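Note: the block below is run-v2.csv and it holds CSV, C-alpha atoms.
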```csv
chain,number,residue,atom,x,y,z
A,1015,LYS,CA,-24.7,10.8,-7.0
A,1016,ILE,CA,-21.5,10.2,-5.1
A,1017,ASP,CA,-23.2,7.2,-3.4
A,1018,ILE,CA,-24.5,5.9,-6.8
A,1019,SER,CA,-21.0,6.3,-8.3
A,1020,VAL,CA,-19.4,4.4,-5.4
A,1021,GLU,CA,-22.0,1.6,-5.6
A,1022,LEU,CA,-21.4,1.2,-9.3
A,1023,SER,CA,-17.6,1.1,-8.9
A,1024,MET,CA,-17.9,-1.5,-6.1
A,1025,LYS,CA,-19.6,-3.7,-8.8
A,1026,GLY,CA,-16.9,-3.0,-11.3
A,1027,ASP,CA,-18.9,-0.8,-13.6
A,1028,PHE,CA,-16.2,1.9,-13.7
A,1029,LYS,CA,-17.4,3.5,-16.9
A,1030,LYS,CA,-20.9,4.2,-15.7
A,1031,SER,CA,-19.5,5.2,-12.2
A,1032,TYR,CA,-17.2,7.8,-13.8
A,1033,LYS,CA,-20.0,9.2,-15.9
A,1034,VAL,CA,-22.2,9.7,-12.9
A,1035,LEU,CA,-19.3,11.4,-11.0
A,1036,CYS,CA,-18.6,13.7,-14.0
A,1037,GLU,CA,-22.3,14.8,-14.0
A,1038,ALA,CA,-22.0,15.5,-10.2
A,1039,ALA,CA,-18.8,17.5,-10.8
A,1040,GLU,CA,-20.5,19.7,-13.5
A,1041,GLU,CA,-23.3,20.4,-11.0
A,1042,ASN,CA,-21.0,21.0,-8.0
A,1043,PRO,CA,-17.6,22.1,-9.4
A,1044,TYR,CA,-16.3,23.2,-5.9
A,1045,CYS,CA,-17.4,20.0,-4.0
A,1046,ASN,CA,-14.3,18.5,-2.3
A,1047,LYS,CA,-16.0,15.1,-1.8
A,1048,ILE,CA,-16.7,14.8,-5.6
A,1049,ALA,CA,-13.1,15.9,-6.3
A,1050,PHE,CA,-11.7,13.3,-3.9
A,1051,ASN,CA,-13.6,10.5,-5.7
A,1052,MET,CA,-12.5,11.9,-9.1
A,1053,GLY,CA,-8.9,11.5,-8.0
A,1054,TRP,CA,-9.1,7.7,-8.1
A,1055,TYR,CA,-10.2,7.8,-11.7
A,1056,ALA,CA,-7.5,10.3,-12.7
A,1057,LEU,CA,-4.9,7.8,-11.3
A,1058,ARG,CA,-6.6,5.1,-13.2
A,1059,GLN,CA,-6.3,7.2,-16.4
A,1060,ASP,CA,-2.5,7.6,-15.9
A,1061,LYS,CA,-2.8,11.1,-14.6
A,1062,LEU,CA,-0.7,10.8,-11.4
A,1063,GLN,CA,-0.2,14.5,-10.5
A,1064,GLU,CA,-3.9,15.4,-11.2
A,1065,GLY,CA,-5.1,12.4,-9.3
A,1066,MET,CA,-3.0,13.2,-6.2
A,1067,GLN,CA,-4.2,16.8,-6.2
A,1068,LEU,CA,-7.8,15.7,-6.4
A,1069,LEU,CA,-7.3,13.1,-3.6
A,1070,ALA,CA,-5.7,15.9,-1.5
A,1071,ARG,CA,-9.0,17.8,-1.6
A,1072,GLY,CA,-10.4,15.0,0.5
A,1073,ARG,CA,-8.4,16.4,3.4
A,1074,TYR,CA,-11.0,19.1,3.8
A,1075,GLU,CA,-13.6,16.4,4.4
A,1076,ASN,CA,-11.3,14.2,6.6
A,1077,CYS,CA,-11.3,11.4,4.1
A,1078,PHE,CA,-7.7,11.5,3.1
A,1079,GLY,CA,-4.5,11.7,5.1
A,1080,ASN,CA,-4.2,12.9,8.7
A,1081,PRO,CA,-5.1,16.2,10.3
A,1082,LYS,CA,-2.5,19.0,10.0
A,1083,PRO,CA,0.2,18.7,12.7
A,1084,PRO,CA,0.6,21.6,15.1
A,1085,VAL,CA,3.6,23.2,13.3
A,1086,PRO,CA,4.1,26.9,12.4
A,1087,THR,CA,5.9,26.1,9.1
A,1088,GLN,CA,4.7,26.1,5.5
A,1089,ILE,CA,4.3,23.1,3.4
A,1090,TRP,CA,7.4,22.4,1.3
A,1091,ASP,CA,7.1,23.5,-2.3
A,1092,GLY,CA,9.5,20.9,-3.8
A,1093,LYS,CA,12.1,23.6,-4.6
A,1094,SER,CA,13.1,25.4,-1.4
A,1095,ILE,CA,16.2,24.0,0.4
A,1096,GLY,CA,16.2,23.4,4.1
A,1097,THR,CA,15.1,20.8,6.7
A,1098,VAL,CA,11.8,19.1,5.8
A,1099,LEU,CA,9.6,17.5,8.4
A,1100,TYR,CA,8.2,14.5,6.5
A,1101,TYR,CA,4.9,13.7,8.3
A,1102,LEU,CA,3.8,10.2,7.5
A,1103,GLU,CA,0.1,9.6,7.4
A,1104,GLY,CA,-2.6,6.9,7.3
A,1105,GLY,CA,-2.1,3.3,8.2
A,1106,LEU,CA,1.2,1.5,8.6
A,1107,GLY,CA,1.1,0.4,4.9
A,1108,ASP,CA,0.7,4.1,3.8
A,1109,GLN,CA,3.6,5.1,6.0
A,1110,ILE,CA,5.9,2.4,4.7
A,1111,HIS,CA,5.1,3.4,1.2
A,1112,SER,CA,5.9,7.0,1.9
A,1113,LEU,CA,9.4,6.1,2.9
A,1114,LYS,CA,10.0,5.6,-0.8
A,1115,TYR,CA,10.4,9.3,-1.4
A,1116,ILE,CA,12.9,10.3,1.3
A,1117,GLU,CA,15.8,10.1,-1.2
A,1118,ASP,CA,13.8,12.2,-3.7
A,1119,ILE,CA,13.5,14.9,-1.0
A,1120,ASN,CA,17.3,14.6,-0.3
A,1121,LYS,CA,18.1,15.0,-4.0
A,1122,ARG,CA,16.3,18.4,-3.8
A,1123,GLY,CA,19.0,19.5,-1.3
A,1124,CYS,CA,17.0,18.9,1.9
A,1125,ASP,CA,17.6,17.1,5.2
A,1126,VAL,CA,14.6,14.9,6.2
A,1127,ILE,CA,13.1,14.5,9.7
A,1128,VAL,CA,10.6,11.6,9.6
A,1129,ALA,CA,7.5,11.7,11.9
A,1130,CYS,CA,5.8,8.3,12.1
A,1131,SER,CA,4.1,5.7,14.2
A,1132,PRO,CA,6.7,4.6,16.9
A,1133,GLU,CA,6.4,0.9,16.0
A,1134,LEU,CA,7.9,1.7,12.6
A,1135,PHE,CA,11.1,3.3,14.0
A,1136,PRO,CA,13.3,0.3,13.2
A,1137,ILE,CA,12.1,0.3,9.6
A,1138,VAL,CA,12.5,4.0,9.1
A,1139,ARG,CA,16.0,4.2,10.5
A,1140,SER,CA,17.1,1.6,7.9
A,1141,CYS,CA,16.2,3.9,5.0
A,1142,LYS,CA,18.9,6.2,3.5
A,1143,GLY,CA,18.7,9.9,3.9
A,1144,VAL,CA,16.9,10.1,7.3
A,1145,LYS,CA,18.4,12.6,9.7
A,1146,ILE,CA,16.0,12.2,12.6
A,1147,VAL,CA,13.1,9.9,13.4
A,1148,CYS,CA,10.4,11.0,15.8
A,1149,GLU,CA,6.9,10.1,16.9
A,1150,HIS,CA,4.0,12.2,15.5
A,1151,GLY,CA,3.1,13.8,18.8
A,1152,VAL,CA,6.5,15.5,19.2
A,1153,ALA,CA,7.0,16.6,15.6
A,1154,GLY,CA,6.1,20.2,16.3
A,1155,GLY,CA,8.9,20.5,18.9
A,1156,ILE,CA,11.7,19.6,16.5
A,1157,TYR,CA,13.2,22.5,14.5
A,1158,HIS,CA,12.5,22.3,10.7
A,1159,ASP,CA,12.1,24.8,7.9
A,1160,PHE,CA,9.1,23.2,6.0
A,1161,TRP,CA,6.8,20.2,6.4
A,1162,VAL,CA,5.1,17.9,3.9
A,1163,PRO,CA,2.3,15.3,4.4
A,1164,GLY,CA,3.5,11.8,3.4
A,1165,MET,CA,0.4,10.9,1.3
A,1166,SER,CA,0.7,14.1,-0.8
A,1167,VAL,CA,4.5,14.3,-1.2
A,1168,LEU,CA,4.1,13.5,-4.9
A,1169,ILE,CA,2.5,16.9,-5.4
A,1170,PRO,CA,5.5,19.1,-4.5
A,1171,LEU,CA,7.8,16.6,-6.2
A,1172,GLY,CA,5.7,17.1,-9.3
A,1173,TYR,CA,5.9,13.5,-10.4
A,1174,GLU,CA,3.9,11.7,-13.1
A,1175,TYR,CA,4.0,7.9,-13.4
A,1176,LYS,CA,7.1,8.1,-15.7
A,1177,ASP,CA,9.0,9.7,-12.9
A,1178,ILE,CA,8.3,6.9,-10.4
A,1179,ASN,CA,11.1,4.4,-9.6
A,1180,GLY,CA,9.9,1.0,-8.6
A,1181,LYS,CA,13.1,-0.3,-7.1
A,1182,ALA,CA,13.5,-1.5,-3.5
A,1183,PHE,CA,14.1,1.2,-0.8
A,1184,ILE,CA,14.2,-0.8,2.4
A,1185,PRO,CA,17.2,-3.3,2.7
A,1186,ARG,CA,16.7,-6.9,3.6
A,1187,THR,CA,18.3,-8.1,6.8
A,1188,LYS,CA,20.4,-11.3,7.1
A,1189,ILE,CA,19.2,-14.1,4.8
A,1190,VAL,CA,19.2,-17.7,6.0
A,1191,LYS,CA,19.7,-20.3,3.3
A,1192,ASN,CA,16.8,-22.8,2.9
A,1193,LYS,CA,16.6,-26.0,0.9
A,1194,LYS,CA,13.1,-25.3,-0.4
A,1195,PRO,CA,11.6,-22.0,-1.5
A,1196,VAL,CA,10.1,-20.0,1.4
A,1197,ILE,CA,6.7,-18.4,0.9
A,1198,GLY,CA,5.3,-16.0,3.4
A,1199,VAL,CA,1.5,-15.8,3.7
A,1200,ARG,CA,-0.8,-13.1,5.0
A,1201,TRP,CA,-4.6,-13.3,4.4
A,1202,GLN,CA,-6.1,-10.5,6.4
A,1203,GLY,CA,-5.5,-6.8,7.1
A,1204,ASN,CA,-6.4,-4.3,9.8
A,1205,PRO,CA,-9.9,-5.1,11.1
A,1206,LYS,CA,-10.4,-1.3,11.9
A,1207,PHE,CA,-10.0,-0.4,8.2
A,1208,GLU,CA,-13.5,0.8,7.1
A,1209,HIS,CA,-13.5,-1.3,3.9
A,1210,GLU,CA,-11.8,-4.4,5.4
A,1211,GLN,CA,-14.8,-6.5,4.6
A,1212,ASN,CA,-14.4,-5.9,0.9
A,1213,ARG,CA,-10.8,-7.1,0.8
A,1214,LYS,CA,-11.3,-10.3,2.8
A,1215,PHE,CA,-11.4,-13.4,0.7
A,1216,PRO,CA,-12.6,-17.0,1.5
A,1217,LEU,CA,-9.7,-18.9,3.2
A,1218,LYS,CA,-10.4,-22.5,2.3
A,1219,PRO,CA,-9.9,-22.1,-1.5
A,1220,PHE,CA,-7.0,-19.8,-0.8
A,1221,PHE,CA,-5.2,-22.3,1.4
A,1222,ASP,CA,-6.1,-25.2,-1.0
A,1223,ALA,CA,-4.3,-23.3,-3.7
A,1224,LEU,CA,-1.1,-23.3,-1.6
A,1225,LYS,CA,-1.0,-26.6,0.2
A,1226,ASN,CA,0.2,-28.8,-2.7
A,1227,ILE,CA,3.2,-26.6,-3.6
A,1228,ASP,CA,6.6,-28.0,-2.6
A,1229,ALA,CA,7.8,-25.1,-0.5
A,1230,ASP,CA,8.1,-24.1,3.1
A,1231,PHE,CA,5.3,-21.7,4.1
A,1232,ILE,CA,5.6,-19.2,6.9
A,1233,CYS,CA,2.8,-17.3,8.6
A,1234,LEU,CA,3.0,-13.5,8.3
A,1235,GLN,CA,-0.4,-13.1,9.9
A,1236,ARG,CA,-0.6,-11.9,13.5
A,1237,ASP,CA,-3.3,-10.9,16.0
A,1238,GLU,CA,-6.8,-11.1,14.5
A,1239,GLY,CA,-7.0,-13.9,11.8
A,1240,GLU,CA,-4.0,-15.8,13.1
A,1241,GLU,CA,-6.2,-18.5,14.5
A,1242,HIS,CA,-7.1,-19.5,10.9
A,1243,CYS,CA,-3.4,-20.5,10.2
A,1244,PRO,CA,-3.4,-24.1,8.8
A,1245,GLU,CA,-0.9,-26.7,10.0
A,1246,PHE,CA,1.3,-26.6,6.8
A,1247,ILE,CA,2.1,-22.9,7.4
A,1248,LYS,CA,4.8,-22.5,10.1
A,1249,LYS,CA,4.4,-19.7,12.6
A,1250,VAL,CA,7.5,-17.5,13.1
A,1251,PRO,CA,8.2,-14.6,15.6
A,1252,LEU,CA,6.3,-11.4,14.6
A,1253,ASN,CA,6.4,-9.5,17.8
A,1254,ASN,CA,7.6,-6.3,16.3
A,1255,TRP,CA,8.5,-4.9,12.9
A,1256,GLU,CA,12.1,-5.9,13.1
A,1257,GLU,CA,11.1,-9.6,13.5
A,1258,THR,CA,8.6,-9.1,10.7
A,1259,ARG,CA,11.3,-7.6,8.4
A,1260,ASP,CA,13.6,-10.6,9.3
A,1261,ALA,CA,10.9,-13.0,8.3
A,1262,ILE,CA,10.2,-11.3,5.0
A,1263,SER,CA,13.9,-11.1,4.3
A,1264,ASN,CA,14.1,-14.9,4.1
A,1265,CYS,CA,11.1,-15.2,1.8
A,1266,ASP,CA,11.4,-16.0,-1.9
A,1267,LEU,CA,7.8,-15.0,-2.3
A,1268,VAL,CA,5.1,-13.2,-0.2
A,1269,ILE,CA,1.4,-13.7,-0.9
A,1270,SER,CA,-0.9,-11.3,0.8
A,1271,SER,CA,-4.2,-9.4,0.8
A,1272,CYS,CA,-3.8,-5.6,0.5
A,1273,THR,CA,-1.9,-5.0,3.8
A,1274,SER,CA,1.1,-3.3,5.3
A,1275,ILE,CA,3.0,-6.6,5.0
A,1276,ALA,CA,2.5,-6.4,1.2
A,1277,HIS,CA,3.9,-2.8,1.2
A,1278,LEU,CA,6.9,-3.9,3.3
A,1279,SER,CA,7.8,-6.9,1.2
A,1280,GLY,CA,7.4,-4.8,-2.0
A,1281,ALA,CA,9.5,-2.1,-0.5
A,1282,MET,CA,12.2,-4.7,0.2
A,1283,GLY,CA,12.2,-5.9,-3.3
A,1284,VAL,CA,10.8,-9.4,-2.3
A,1285,GLU,CA,8.6,-10.9,-5.0
A,1286,THR,CA,5.1,-10.1,-3.7
A,1287,TRP,CA,1.6,-11.2,-5.0
A,1288,ILE,CA,-1.3,-9.2,-3.8
A,1289,ILE,CA,-5.0,-10.3,-4.0
A,1290,LEU,CA,-7.1,-7.2,-4.6
A,1291,PRO,CA,-10.8,-6.3,-4.3
A,1292,ILE,CA,-12.5,-4.9,-7.4
A,1293,LEU,CA,-12.5,-1.4,-5.9
A,1294,ASN,CA,-8.9,-1.2,-4.7
A,1295,TYR,CA,-6.4,1.1,-2.9
A,1296,TYR,CA,-5.5,4.2,-4.9
A,1297,LEU,CA,-1.9,3.1,-5.5
A,1298,TRP,CA,-3.2,0.1,-7.5
A,1299,GLY,CA,-5.4,2.3,-9.6
A,1300,VAL,CA,-3.6,1.7,-12.9
A,1301,PRO,CA,-5.2,-1.3,-14.6
A,1302,GLY,CA,-3.1,-4.4,-15.1
A,1303,ASP,CA,-1.2,-6.9,-12.9
A,1304,LYS,CA,1.9,-4.6,-12.3
A,1305,SER,CA,2.4,-1.5,-10.3
A,1306,PRO,CA,4.7,1.4,-11.2
A,1307,PHE,CA,5.4,1.9,-7.4
A,1308,TYR,CA,7.0,-1.6,-6.8
A,1309,ASP,CA,8.8,-3.6,-9.4
A,1310,SER,CA,8.5,-6.8,-7.4
A,1311,ILE,CA,4.7,-6.7,-7.0
A,1312,THR,CA,2.2,-8.7,-9.1
A,1313,LEU,CA,-1.5,-7.9,-8.6
A,1314,PHE,CA,-4.4,-10.5,-8.7
A,1315,ARG,CA,-7.5,-8.5,-9.2
A,1316,GLN,CA,-11.1,-9.4,-8.3
A,1317,LYS,CA,-13.2,-9.2,-11.5
A,1318,LYS,CA,-16.7,-9.5,-9.9
A,1319,PHE,CA,-17.8,-8.0,-6.6
A,1320,GLY,CA,-18.2,-10.7,-3.9
A,1321,CYS,CA,-16.6,-13.4,-6.1
A,1322,TRP,CA,-12.9,-14.3,-5.4
A,1323,LYS,CA,-12.8,-17.3,-7.8
A,1324,ASP,CA,-10.8,-15.5,-10.6
A,1325,PRO,CA,-7.9,-14.1,-8.5
A,1326,ILE,CA,-7.5,-17.2,-6.4
A,1327,ASN,CA,-7.6,-19.5,-9.5
A,1328,SER,CA,-5.0,-17.2,-11.3
A,1329,LEU,CA,-2.8,-17.3,-8.2
A,1330,LYS,CA,-3.1,-21.2,-8.1
A,1331,LEU,CA,-2.1,-21.5,-11.7
A,1332,LYS,CA,0.8,-19.1,-11.4
A,1333,LEU,CA,2.1,-21.0,-8.3
A,1334,LYS,CA,2.0,-24.3,-10.3
A,1335,GLN,CA,4.0,-22.6,-13.1
A,1336,LYS,CA,6.6,-21.2,-10.8
A,1337,TYR,CA,7.1,-24.1,-8.3
A,1338,LYS,CA,7.0,-27.8,-8.2
A,1339,GLU,CA,4.0,-29.6,-6.7
A,1340,LYS,CA,4.4,-32.2,-3.9
```
Rewrite the coordinates I just gave you, this time as structure tokens.
Amino acid sequence: KIDISVELSMKGDFKKSYKVLCEAAEENPYCNKIAFNMGWYALRQDKLQEGMQLLARGRYENCFGNPKPPVPTQIWDGKSIGTVLYYLEGGLGDQIHSLKYIEDINKRGCDVIVACSPELFPIVRSCKGVKIVCEHGVAGGIYHDFWVPGMSVLIPLGYEYKDINGKAFIPRTKIVKNKKPVIGVRWQGNPKFEHEQNRKFPLKPFFDALKNIDADFICLQRDEGEEHCPEFIKKVPLNNWEETRDAISNCDLVISSCTSIAHLSGAMGVETWIILPILNYYLWGVPGDKSPFYDSITLFRQKKFGCWKDPINSLKLKLKQKYKEK
């Protein structure tokens, strides 16, 4: 029934998918896989705390977050005061999003040690409230009182959607003035992501929607997929996350698929448009074109599985309304 539910949700039949999942939950009330899938629907139904707790049960099935780090300490309860090892998890986009809650932990009277992927060190050190930044592998060797997994930090914080602040939490770097609007473009995510094939959209209609806009376009795509960059999109240095942050800092708008670039630009308060597959990342679960997690983000949702006509046409129309055509 889990497989049937997922297949139905991939096609956008969320009502029937949820019904099948509820039947499965009645038959198997202690199944963590079912609970994990129910979490996505709880988030969609405006139940943030319940949804995060259900998603966290996916940890027992290795389908959410990272394995527990080798530390002797207990998970932070959201109330105790001390030094918290904030262990960031998932892909780089997940880790960037988790930086959002460092100040919230600080406000509870705690110092924060951030353990993350080393390429993100320059981004992490720019955030307020970070005492120490370290690589995941050495986290257990740094003294701390408690630890908390990044993708489940909302549980001890006790937050519902009304408690989420969508303001920027990563500062921009130096901004260079430009005569025309600057639009950063990213069209492909991590090829190792298991559902990457579902968030990849056709490039020709996407680039056609951009090329008649009177703006300077810069490429935020690197590595795989960069070879598809058209001539009207200028390539800029993206050798590390500092250069990527500099490039985004100078953008008036970033257009992206669901990638770490979209999370970074949203975290910096840069206007960001994200093209989403019909079954999307859990943070975009609440229906509509806005997200409570980032004030600067607008979502363009796929309406029919395998068909990208609607979101690309909506993006094309919004671009024409916002900017002049050549």
(request) Find the spatial neighbours of Ile1247 in chain A, counting all atoms listed in the file, within a cut-off of 12 Å - ignore same-chain residues fewer than 2 positions away - and output them as a PyMOL selection string. (result) chain A and resi 1196-1200+1221-1222+1224-1227+1229-1235+1240-1245+1249-1250
So which residues touch Ile1156 in chain A within 9 Å, counting all atoms listed in the file, skipping near sequence neighbours fewer than 6 positions away, as a JSON list (two decimals) with C-alpha atoms, in the coordinates of the input?
```json
[["chain", "number", "residue", "atom", "x", "y", "z"],
["A", 1099, "LEU", "CA", 9.60, 17.50, 8.40],
["A", 1127, "ILE", "CA", 13.10, 14.50, 9.70],
["A", 1148, "CYS", "CA", 10.40, 11.00, 15.80]]
```
May I have a table of the residues of range 1029-1110 of chain A lying at most 12 Å from range 1118-1126 of chain A, giving each one's closest pair of atoms and their distance in Å to one decimal, counting all atoms listed in the file, ordered by chain and ascending residue number, as a Markdown table?
```
| residue | atom | partner | partner_atom | distance |
| --- | --- | --- | --- | --- |
| A:Trp1090 | CA | A:Ile1119 | CA | 9.9 |
| A:Asp1091 | CA | A:Arg1122 | CA | 10.6 |
| A:Gly1092 | CA | A:Arg1122 | CA | 7.2 |
| A:Lys1093 | CA | A:Arg1122 | CA | 6.7 |
| A:Ser1094 | CA | A:Arg1122 | CA | 8.1 |
| A:Ile1095 | CA | A:Cys1124 | CA | 5.4 |
| A:Gly1096 | CA | A:Cys1124 | CA | 5.1 |
| A:Thr1097 | CA | A:Asp1125 | CA | 4.7 |
| A:Val1098 | CA | A:Val1126 | CA | 5.1 |
| A:Leu1099 | CA | A:Val1126 | CA | 6.0 |
| A:Tyr1100 | CA | A:Val1126 | CA | 6.4 |
| A:Tyr1101 | CA | A:Val1126 | CA | 10.0 |
| A:Leu1102 | CA | A:Val1126 | CA | 11.8 |
```
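Closest to Ser1279 in chain A among A:Gly1072, A:Gly1154, A:Pro1185, A:Pro1170 is A:Pro1185, based on all atoms listed in the file.
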Env of range 1078-1081 of chain A: 7 Å cut, atoms = all atoms listed in the file, seq-sep filter 2 positions within chain, self excluded. Answer as a CSV table (one decimal) with C-alpha atoms, keeping the file's coordinate frame.
```
chain,number,residue,atom,x,y,z
A,1069,LEU,CA,-7.3,13.1,-3.6
A,1070,ALA,CA,-5.7,15.9,-1.5
A,1072,GLY,CA,-10.4,15.0,0.5
A,1073,ARG,CA,-8.4,16.4,3.4
A,1076,ASN,CA,-11.3,14.2,6.6
A,1083,PRO,CA,0.2,18.7,12.7
A,1103,GLU,CA,0.1,9.6,7.4
A,1104,GLY,CA,-2.6,6.9,7.3
A,1165,MET,CA,0.4,10.9,1.3
```
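The nearest approach to Lys1317 in chain A among the residues A:Val1300, A:Ile1016, A:Met1024, A:Ile1262, with all atoms listed in the file taken into account, belongs to A:Met1024.
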(request) May I have the residues within 12 Å of range 1258-1261 of chain A as number ranges by chain, using only C-alpha atoms and disregarding those fewer than 2 positions away in the same chain? (result) A: 1110, 1133-1134, 1136-1138, 1140, 1184-1190, 1196-1200, 1231-1236, 1248-1256, 1263-1268, 1274-1284
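Our summary of the geometry notes that CA of Glu1238 in chain A is positioned 10.6 Å from CA of Trp1201 in chain A.
Relative to CA of Lys1194 in chain A, CA of Ser1328 in chain A is found at 22.6 Å.
Rounded to one decimal, CA of Ile1326 in chain A and CA of Asp1060 in chain A lie 27.0 Å from each other.
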(request) Pick out the closest residue to Lys1332 in chain A from this set: A:Val1144, A:Ile1269, A:Cys1077, A:Ala1049. Count all atoms listed in the file. (result) A:Ile1269
(request) Go through A:Lys1340, A:Lys1323, A:Lys1318, A:Lys1214 one by one, measure the shortest atom-to-atom distance of each to Asp1027 in chain A using only C-alpha atoms, and give the residue with the smallest value. (result) A:Lys1318
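For the choices A:Gly1172, A:Gly1053, A:Pro1301, A:Pro1086, the atom-to-atom distance to His1158 in chain A is smallest for A:Pro1086 when using all atoms listed in the file.
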Step by step: start from the point (6.9, -6.2, -6.1) in the file's coordinates, keep every protein, DNA or RNA residue that has an atom no farther than 7 Å from it, count only C-alpha atoms, and write the set as a PDB file with C-alpha atoms, in the coordinates of the input.
```pdb
ATOM      1  CA  GLY A1280       7.400  -4.800  -2.000  1.00  0.00           C
ATOM      2  CA  GLY A1283      12.200  -5.900  -3.300  1.00  0.00           C
ATOM      3  CA  VAL A1284      10.800  -9.400  -2.300  1.00  0.00           C
ATOM      4  CA  GLU A1285       8.600 -10.900  -5.000  1.00  0.00           C
ATOM      5  CA  THR A1286       5.100 -10.100  -3.700  1.00  0.00           C
ATOM      6  CA  TYR A1308       7.000  -1.600  -6.800  1.00  0.00           C
ATOM      7  CA  ASP A1309       8.800  -3.600  -9.400  1.00  0.00           C
ATOM      8  CA  SER A1310       8.500  -6.800  -7.400  1.00  0.00           C
ATOM      9  CA  ILE A1311       4.700  -6.700  -7.000  1.00  0.00           C
ATOM     10  CA  THR A1312       2.200  -8.700  -9.100  1.00  0.00           C
TER      11      THR A1312
END
```
(message) Applying 7 Å and only C-alpha atoms, which residues near Thr1087 in chain A remain after dropping the ones on its own chain fewer than 6 positions away? List them as number ranges by chain.
(response) A: 1159-1161
(message) For a quick check of understanding, using only C-alpha atoms, which of A:Phe1307, A:Phe1314, A:Phe1246, A:Tyr1296 has the smallest distance to Met1052 in chain A?
(response) A:Tyr1296
Could you pull range 1090-1107 of chain A out of the block above and give me N, CA and C atoms, as a compact mmCIF listing (two decimals), in the first residue's frame?
```txt
# COMPACT_ATOMS: atom_id res chain seq x y z
N TRP A 1090 19.31 17.22 22.51
CA TRP A 1090 18.82 18.44 23.18
C TRP A 1090 17.31 18.44 23.24
N ASP A 1091 16.75 18.84 24.39
CA ASP A 1091 15.30 18.82 24.59
C ASP A 1091 14.62 20.15 24.30
N GLY A 1092 15.41 21.16 23.88
CA GLY A 1092 14.83 22.47 23.58
C GLY A 1092 14.73 23.38 24.79
N LYS A 1093 15.03 22.84 25.98
CA LYS A 1093 14.90 23.62 27.22
C LYS A 1093 16.22 23.73 27.97
N SER A 1094 17.00 22.66 27.98
CA SER A 1094 18.24 22.63 28.75
C SER A 1094 19.25 23.63 28.18
N ILE A 1095 20.01 24.25 29.06
CA ILE A 1095 21.00 25.25 28.66
C ILE A 1095 22.39 24.62 28.69
N GLY A 1096 23.15 24.89 27.64
CA GLY A 1096 24.51 24.35 27.55
C GLY A 1096 25.04 24.55 26.14
N THR A 1097 26.04 23.75 25.79
CA THR A 1097 26.61 23.80 24.44
C THR A 1097 25.98 22.70 23.60
N VAL A 1098 25.37 23.10 22.46
CA VAL A 1098 24.66 22.17 21.59
C VAL A 1098 25.49 21.89 20.35
N LEU A 1099 25.73 20.61 20.08
CA LEU A 1099 26.34 20.20 18.82
C LEU A 1099 25.22 20.09 17.79
N TYR A 1100 25.20 21.00 16.84
CA TYR A 1100 24.15 21.05 15.83
C TYR A 1100 24.66 20.28 14.61
N TYR A 1101 24.20 19.06 14.46
CA TYR A 1101 24.73 18.12 13.46
C TYR A 1101 23.88 18.22 12.18
N LEU A 1102 24.40 18.94 11.19
CA LEU A 1102 23.64 19.15 9.96
C LEU A 1102 23.61 17.87 9.13
N GLU A 1103 22.50 17.67 8.42
CA GLU A 1103 22.27 16.39 7.74
C GLU A 1103 21.84 16.59 6.30
N GLY A 1104 21.78 15.46 5.59
CA GLY A 1104 21.25 15.45 4.23
C GLY A 1104 22.19 16.07 3.24
N GLY A 1105 21.61 16.53 2.12
CA GLY A 1105 22.39 17.18 1.08
C GLY A 1105 22.79 18.60 1.49
N LEU A 1106 23.50 19.28 0.62
CA LEU A 1106 23.97 20.63 0.94
C LEU A 1106 22.80 21.60 1.11
N GLY A 1107 21.73 21.40 0.33
CA GLY A 1107 20.55 22.25 0.49
C GLY A 1107 19.89 22.07 1.85
```
